[in-house]
$ cat run-v3.pdb   # PDB, C-alpha atoms and all ligand atoms
ATOM      1  CA  MET A   1       6.755  15.246 -22.667
ATOM      2  CA  PHE A   2       9.912  17.050 -23.727
ATOM      3  CA  ILE A   3      13.120  16.367 -21.805
ATOM      4  CA  GLY A   4      11.964  12.808 -20.999
ATOM      5  CA  HIS A   5      12.322  12.022 -24.718
ATOM      6  CA  LEU A   6      15.805  13.543 -24.690
ATOM      7  CA  GLY A   7      16.722  11.522 -21.582
ATOM      8  CA  VAL A   8      15.945   8.356 -23.543
ATOM      9  CA  ALA A   9      18.180   9.644 -26.376
ATOM     10  CA  PHE A  10      21.077  10.297 -23.955
ATOM     11  CA  GLY A  11      20.639   6.728 -22.654
ATOM     12  CA  ALA A  12      20.541   5.196 -26.153
ATOM     13  CA  ARG A  13      23.764   6.983 -27.112
ATOM     14  CA  ALA A  14      25.373   5.658 -23.911
ATOM     15  CA  ALA A  15      24.293   2.116 -24.846
ATOM     16  CA  GLU A  16      25.507   2.439 -28.452
ATOM     17  CA  PRO A  17      28.597   4.683 -28.460
ATOM     18  CA  ARG A  18      28.802   4.739 -32.276
ATOM     19  CA  LEU A  19      25.495   6.606 -32.405
ATOM     20  CA  ARG A  20      25.774  10.390 -32.525
ATOM     21  CA  LEU A  21      23.933  12.230 -29.764
ATOM     22  CA  GLY A  22      22.364  14.777 -32.148
ATOM     23  CA  THR A  23      21.015  11.989 -34.356
ATOM     24  CA  ALA A  24      19.612  10.225 -31.281
ATOM     25  CA  PHE A  25      17.877  13.489 -30.256
ATOM     26  CA  VAL A  26      16.207  13.829 -33.665
ATOM     27  CA  ALA A  27      15.063  10.167 -33.610
ATOM     28  CA  ALA A  28      13.586  10.502 -30.107
ATOM     29  CA  GLN A  29      11.817  13.713 -31.201
ATOM     30  CA  LEU A  30      10.949  12.546 -34.715
ATOM     31  CA  PRO A  31       7.136  12.900 -34.368
ATOM     32  CA  ASP A  32       7.636  16.406 -32.933
ATOM     33  CA  ALA A  33       9.981  17.209 -35.858
ATOM     34  CA  ILE A  34       7.388  16.188 -38.454
ATOM     35  CA  TRP A  35       4.485  17.758 -36.573
ATOM     36  CA  PRO A  36       5.212  21.520 -37.106
ATOM     37  CA  VAL A  37       5.757  20.922 -40.829
ATOM     38  CA  LEU A  38       2.322  19.295 -41.109
ATOM     39  CA  VAL A  39       0.755  22.046 -38.983
ATOM     40  CA  LEU A  40       2.173  24.676 -41.352
ATOM     41  CA  ALA A  41       0.875  22.642 -44.306
ATOM     42  CA  GLY A  42      -2.598  22.703 -42.723
ATOM     43  CA  VAL A  43      -2.709  18.901 -42.407
ATOM     44  CA  GLU A  44      -2.574  18.777 -38.588
ATOM     45  CA  ARG A  45      -4.176  21.048 -35.979
ATOM     46  CA  PHE A  46      -3.669  22.124 -32.391
ATOM     47  CA  ALA A  47      -4.964  24.908 -30.185
ATOM     48  CA  ILE A  48      -3.804  26.867 -27.142
ATOM     49  CA  ALA A  49      -6.307  26.042 -24.422
ATOM     50  CA  PRO A  50      -4.938  26.708 -20.907
ATOM     51  CA  GLY A  51      -6.301  24.093 -18.488
ATOM     52  CA  ASP A  52      -6.795  21.434 -21.167
ATOM     53  CA  THR A  53      -4.477  19.377 -18.978
ATOM     54  CA  VAL A  54      -2.761  20.634 -15.836
ATOM     55  CA  VAL A  55       0.695  20.518 -17.426
ATOM     56  CA  THR A  56       0.337  21.897 -20.960
ATOM     57  CA  PRO A  57      -1.893  24.561 -22.498
ATOM     58  CA  LEU A  58      -1.595  22.798 -25.881
ATOM     59  CA  ARG A  59      -4.600  20.816 -27.113
ATOM     60  CA  PHE A  60      -3.617  18.397 -29.869
ATOM     61  CA  GLU A  61      -6.782  18.238 -31.941
ATOM     62  CA  HIS A  62      -5.649  16.323 -35.007
ATOM     63  CA  TYR A  63      -2.191  14.860 -35.632
ATOM     64  CA  PRO A  64      -2.635  11.373 -37.098
ATOM     65  CA  TRP A  65       0.324  11.561 -39.529
ATOM     66  CA  SER A  66       3.018  12.699 -37.118
ATOM     67  CA  HIS A  67       1.780  10.971 -33.960
ATOM     68  CA  SER A  68      -0.183   7.766 -34.750
ATOM     69  CA  LEU A  69       1.614   4.567 -33.712
ATOM     70  CA  SER A  70       1.761   3.157 -37.239
ATOM     71  CA  MET A  71       3.160   6.326 -38.820
ATOM     72  CA  VAL A  72       5.701   6.797 -36.004
ATOM     73  CA  VAL A  73       7.022   3.273 -36.693
ATOM     74  CA  VAL A  74       7.169   3.876 -40.467
ATOM     75  CA  ALA A  75       8.886   7.268 -40.084
ATOM     76  CA  GLY A  76      11.243   5.840 -37.440
ATOM     77  CA  LEU A  77      12.382   2.998 -39.711
ATOM     78  CA  ALA A  78      12.850   5.336 -42.679
ATOM     79  CA  PHE A  79      14.807   7.848 -40.603
ATOM     80  CA  GLY A  80      16.805   5.129 -38.830
ATOM     81  CA  LEU A  81      17.978   3.409 -42.005
ATOM     82  CA  ALA A  82      18.765   6.740 -43.680
ATOM     83  CA  ALA A  83      20.637   8.269 -40.736
ATOM     84  CA  ALA A  84      22.577   5.218 -39.495
ATOM     85  CA  GLU A  85      26.256   4.932 -40.319
ATOM     86  CA  ARG A  86      27.077   2.416 -43.027
ATOM     87  CA  ARG A  87      29.295   0.143 -40.907
ATOM     88  CA  SER A  88      26.482  -0.724 -38.491
ATOM     89  CA  ARG A  89      23.438   0.299 -40.492
ATOM     90  CA  LEU A  90      20.980  -2.341 -39.306
ATOM     91  CA  ARG A  91      21.826  -2.121 -35.596
ATOM     92  CA  GLN A  92      21.868   1.680 -35.540
ATOM     93  CA  GLY A  93      18.849   1.932 -37.826
ATOM     94  CA  LEU A  94      16.752  -0.299 -35.574
ATOM     95  CA  LEU A  95      17.921   1.550 -32.469
ATOM     96  CA  LEU A  96      16.932   4.903 -34.031
ATOM     97  CA  ALA A  97      13.552   3.429 -35.026
ATOM     98  CA  ALA A  98      13.106   2.184 -31.447
ATOM     99  CA  LEU A  99      13.891   5.690 -30.203
ATOM    100  CA  ALA A 100      11.149   7.099 -32.440
ATOM    101  CA  ALA A 101       8.750   4.418 -31.155
ATOM    102  CA  SER A 102       9.681   5.340 -27.566
ATOM    103  CA  HIS A 103       8.323   8.820 -28.354
ATOM    104  CA  PHE A 104       4.887   7.320 -28.983
ATOM    105  CA  VAL A 105       5.033   5.249 -25.772
ATOM    106  CA  LEU A 106       6.014   8.240 -23.628
ATOM    107  CA  ASP A 107       3.414  10.479 -25.299
ATOM    108  CA  TRP A 108       0.817   7.742 -24.686
ATOM    109  CA  ILE A 109       1.689   7.799 -20.988
ATOM    110  CA  THR A 110       1.599  11.606 -20.704
ATOM    111  CA  HIS A 111      -1.079  12.884 -23.120
ATOM    112  CA  ARG A 112      -4.781  12.752 -22.407
ATOM    113  CA  PRO A 113      -6.476  10.483 -24.984
ATOM    114  CA  ASP A 114      -5.542  12.115 -28.302
ATOM    115  CA  LEU A 115      -3.193   9.600 -29.987
ATOM    116  CA  PRO A 116      -4.587   7.340 -32.753
ATOM    117  CA  LEU A 117      -3.036   4.011 -33.776
ATOM    118  CA  VAL A 118      -3.508   4.636 -37.510
ATOM    119  CA  PRO A 119      -4.474   7.735 -39.507
ATOM    120  CA  GLY A 120      -8.233   7.863 -40.013
ATOM    121  CA  ALA A 121      -9.073   5.880 -36.868
ATOM    122  CA  GLU A 122     -11.524   7.507 -34.487
ATOM    123  CA  ALA A 123     -10.292   5.828 -31.306
ATOM    124  CA  VAL A 124      -7.600   7.831 -29.494
ATOM    125  CA  TYR A 125      -5.421   6.835 -26.566
ATOM    126  CA  GLY A 126      -3.481   8.423 -23.730
ATOM    127  CA  LEU A 127      -3.112   7.695 -20.015
ATOM    128  CA  GLY A 128      -3.162  11.365 -19.014
ATOM    129  CA  LEU A 129      -0.126  11.730 -16.749
ATOM    130  CA  TRP A 130      -0.349  15.436 -17.682
ATOM    131  CA  ASN A 131      -3.369  15.709 -15.392
ATOM    132  CA  SER A 132      -0.913  15.710 -12.485
ATOM    133  CA  LEU A 133       1.924  18.235 -12.433
ATOM    134  CA  TRP A 134       3.877  16.436  -9.725
ATOM    135  CA  ALA A 135       3.583  12.964 -11.249
ATOM    136  CA  THR A 136       4.699  14.436 -14.581
ATOM    137  CA  LEU A 137       7.692  16.158 -12.998
ATOM    138  CA  VAL A 138       8.800  13.009 -11.166
ATOM    139  CA  VAL A 139       8.523  10.704 -14.206
ATOM    140  CA  GLU A 140      10.047  13.116 -16.708
ATOM    141  CA  LEU A 141      12.907  14.358 -14.523
ATOM    142  CA  ALA A 142      13.757  10.780 -13.472
ATOM    143  CA  LEU A 143      13.970   9.698 -17.144
ATOM    144  CA  PHE A 144      16.077  12.712 -18.028
ATOM    145  CA  ALA A 145      18.428  12.360 -15.051
ATOM    146  CA  ALA A 146      18.920   8.625 -15.659
ATOM    147  CA  GLY A 147      19.726   9.133 -19.353
ATOM    148  CA  VAL A 148      22.117  12.027 -18.711
ATOM    149  CA  ALA A 149      23.862  10.078 -15.912
ATOM    150  CA  CYS A 150      24.439   7.070 -18.222
ATOM    151  CA  TYR A 151      25.821   9.398 -20.897
ATOM    152  CA  LEU A 152      28.146  11.237 -18.505
ATOM    153  CA  ARG A 153      29.645   7.966 -17.245
ATOM    154  CA  GLY A 154      31.137   7.297 -20.669
ATOM    155  CA  ALA A 155      32.095  10.896 -21.501
ATOM    156  CA  ALA A 156      35.744  11.976 -21.586
ATOM    157  CA  ARG A 157      34.728  15.633 -21.127
ATOM    158  CA  ARG A 158      31.542  16.268 -19.173
ATOM    159  CA  GLY A 159      31.267  20.070 -19.052
ATOM    160  CA  PRO A 160      29.589  20.602 -22.450
ATOM    161  CA  ALA A 161      27.070  17.805 -21.806
ATOM    162  CA  LEU A 162      26.252  19.238 -18.370
ATOM    163  CA  ALA A 163      25.770  22.718 -19.879
ATOM    164  CA  LEU A 164      23.375  21.289 -22.490
ATOM    165  CA  ALA A 165      21.464  19.281 -19.871
ATOM    166  CA  ALA A 166      21.160  22.339 -17.598
ATOM    167  CA  THR A 167      19.897  24.491 -20.505
ATOM    168  CA  LEU A 168      17.299  21.877 -21.488
ATOM    169  CA  LEU A 169      16.150  21.678 -17.867
ATOM    170  CA  VAL A 170      15.767  25.463 -17.566
ATOM    171  CA  VAL A 171      13.866  25.712 -20.880
ATOM    172  CA  HIS A 172      11.623  22.844 -19.805
ATOM    173  CA  LEU A 173      10.821  24.325 -16.384
ATOM    174  CA  GLY A 174      10.194  27.687 -18.100
ATOM    175  CA  ASN A 175       7.663  25.999 -20.382
ATOM    176  CA  LEU A 176       5.998  24.249 -17.439
ATOM    177  CA  PHE A 177       5.755  27.197 -15.071
ATOM    178  CA  GLY A 178       5.829  30.165 -17.454
ATOM    179  CA  PRO A 179       2.838  31.839 -19.117
ATOM    180  CA  PRO A 180       1.122  30.052 -22.028
ATOM    181  CA  PRO A 181       2.654  30.717 -25.464
ATOM    182  CA  PRO A 182       1.370  33.819 -27.293
ATOM    183  CA  SER A 183       0.108  32.030 -30.415
ATOM    184  CA  THR A 184       0.017  28.723 -32.253
ATOM    185  CA  THR A 185       2.339  30.268 -34.849
ATOM    186  CA  ALA A 186       4.965  30.937 -32.147
ATOM    187  CA  VAL A 187       4.672  27.329 -30.929
ATOM    188  CA  THR A 188       4.913  25.933 -34.459
ATOM    189  CA  PHE A 189       8.001  27.940 -35.406
ATOM    190  CA  SER A 190       9.820  27.249 -32.138
ATOM    191  CA  ALA A 191       9.105  23.531 -32.593
ATOM    192  CA  LEU A 192      10.490  23.789 -36.121
ATOM    193  CA  LEU A 193      13.697  25.551 -35.034
ATOM    194  CA  LEU A 194      14.258  23.315 -32.021
ATOM    195  CA  ILE A 195      15.063  20.184 -34.039
ATOM    196  CA  PRO A 196      18.084  21.459 -36.038
ATOM    197  CA  LEU A 197      19.288  23.205 -32.884
ATOM    198  CA  LEU A 198      19.117  19.947 -30.885
ATOM    199  CA  TRP A 199      20.862  18.086 -33.699
ATOM    200  CA  TRP A 200      23.687  20.637 -33.921
ATOM    201  CA  TRP A 201      24.160  21.063 -30.173
ATOM    202  CA  GLY A 202      23.912  17.323 -29.467
ATOM    203  CA  ASN A 203      26.611  16.489 -32.007
ATOM    204  CA  ARG A 204      28.838  19.291 -30.722
ATOM    205  CA  VAL A 205      28.536  18.021 -27.153
ATOM    206  CA  ASP A 206      29.217  14.512 -28.405
ATOM    207  CA  ARG A 207      32.479  15.534 -30.084
ATOM    208  CA  ALA A 208      33.667  17.001 -26.780
ATOM    209  CA  ALA A 209      32.528  13.880 -24.898
ATOM    210  CA  ARG A 210      34.621  11.729 -27.236
ATOM    211  CA  ALA A 211      37.675  14.011 -27.190
ATOM    212  CA  GLY A 212      40.834  12.491 -25.776
ATOM    213  CA  ARG A 213      39.782   8.934 -26.480
TER     214      ARG A 213
HETATM  215 ZN    ZN B   1       5.172  14.262 -29.417
END
$ encode --input "run-v3.pdb" --output "structure tokens"
Amino acid sequence: MFIGHLGVAFGARAAEPRLRLGTAFVAAQLPDAIWPVLVLAGVERFAIAPGDTVVTPLRFEHYPWSHSLSMVVVAGLAFGLAAAERRSRLRQGLLLAALAASHFVLDWITHRPDLPLVPGAEAVYGLGLWNSLWATLVVELALFAAGVACYLRGAARRGPALALAATLLVVHLGNLFGPPPPSTTAVTFSALLLIPLLWWWGNRVDRAARAGR
């Protein structure tokens, strides 16, 4: 899942206006932010295997530190408390941690069984929504549209948020229907670059959304 996670972040920012959109994006994508770093370090592994599931050519072979339930909760709490603003640290921190945890839940729904609960465990989980392209599209686009709609309702200026949402949608559909990526290195580096880009663009859109208020 990609833009579904970001839809949840848009919704969380709408529910807690003091949260910054870019920070919410990073929290909702936290496991995917940690993952490329651990892949580069040789700690986690994935392969490009077209047909592994209908939706993605990526086969996640080993990613217990970035994607196990326990580590997602730990990383989410650490990130949440560090990134929250001082005046509402606990509330924002817990919300950011919940966003990180929502990443695990949504990955559990979409991935085929490949998610452990703790590092070192052999049992892996996943409901495998990615085995159906249409079910994936419906669930993910509905999440994204709902989150963006909630965000737009409270935005003073909507154009920049709509431009960001449209770009994310195009990139996502390109990933779904385009050719498989050329190499694992290309995937790893684009995943690495995506996070600061989302953070920067999300906060920029958020400043425009708050303008005039
Ligand atoms: Zn993930």
$ resolve_selection --input "run-v3.pdb" --expression "the PyMOL selection byres (((chain A and resi 196-208) around 9) and not hetatm)" --output "ChimeraX atom specification"
/A:20-26,155-161,164,192-195,209-212
$ resolve_selection --input "run-v3.pdb" --expression "the PyMOL selection byres (((not hetatm)) within 9 of (chain B and resi 1))" --output "ChimeraX atom specification"
/A:1-2,5,29-33,35,66-67,103-104,106-107,111
$ write_last_selection --input "run-v3.pdb" --atoms "C-alpha atoms" --output "PDB file, keeping the file's coordinate frame"
ATOM      1  CA  MET A   1       6.755  15.246 -22.667  1.00  0.00           C
ATOM      2  CA  PHE A   2       9.912  17.050 -23.727  1.00  0.00           C
ATOM      3  CA  HIS A   5      12.322  12.022 -24.718  1.00  0.00           C
ATOM      4  CA  GLN A  29      11.817  13.713 -31.201  1.00  0.00           C
ATOM      5  CA  LEU A  30      10.949  12.546 -34.715  1.00  0.00           C
ATOM      6  CA  PRO A  31       7.136  12.900 -34.368  1.00  0.00           C
ATOM      7  CA  ASP A  32       7.636  16.406 -32.933  1.00  0.00           C
ATOM      8  CA  ALA A  33       9.981  17.209 -35.858  1.00  0.00           C
ATOM      9  CA  TRP A  35       4.485  17.758 -36.573  1.00  0.00           C
ATOM     10  CA  SER A  66       3.018  12.699 -37.118  1.00  0.00           C
ATOM     11  CA  HIS A  67       1.780  10.971 -33.960  1.00  0.00           C
ATOM     12  CA  HIS A 103       8.323   8.820 -28.354  1.00  0.00           C
ATOM     13  CA  PHE A 104       4.887   7.320 -28.983  1.00  0.00           C
ATOM     14  CA  LEU A 106       6.014   8.240 -23.628  1.00  0.00           C
ATOM     15  CA  ASP A 107       3.414  10.479 -25.299  1.00  0.00           C
ATOM     16  CA  HIS A 111      -1.079  12.884 -23.120  1.00  0.00           C
TER      17      HIS A 111
END
$ residues_near_point --input "run-v3.pdb" --point "(8.8, 7.5, -41.5)" --cutoff "12 Å" --atoms "all atoms listed in the file" --output "number ranges by chain"
A: 27, 30-31, 33-34, 65-83, 96-97, 100-101
$ resolve_selection --input "run-v3.pdb" --expression "the PyMOL selection byres (((chain A and resi 55) around 8) and not hetatm)" --output "number ranges by chain"
A: 51, 53-54, 56-57, 130-133, 136, 176
$ residues_around --input "run-v3.pdb" --residues "Ala146 of chain A" --least-positions-apart "4" --cutoff "9 Å" --atoms "all atoms listed in the file" --output "ChimeraX atom specification"
/A:7-8,10-11,141-142,150-151
$ atom_distance --input "run-v3.pdb" --atom1 "atom CA of Leu19 of chain A" --atom2 "atom CA of Ala84 of chain A"
7.8 Å
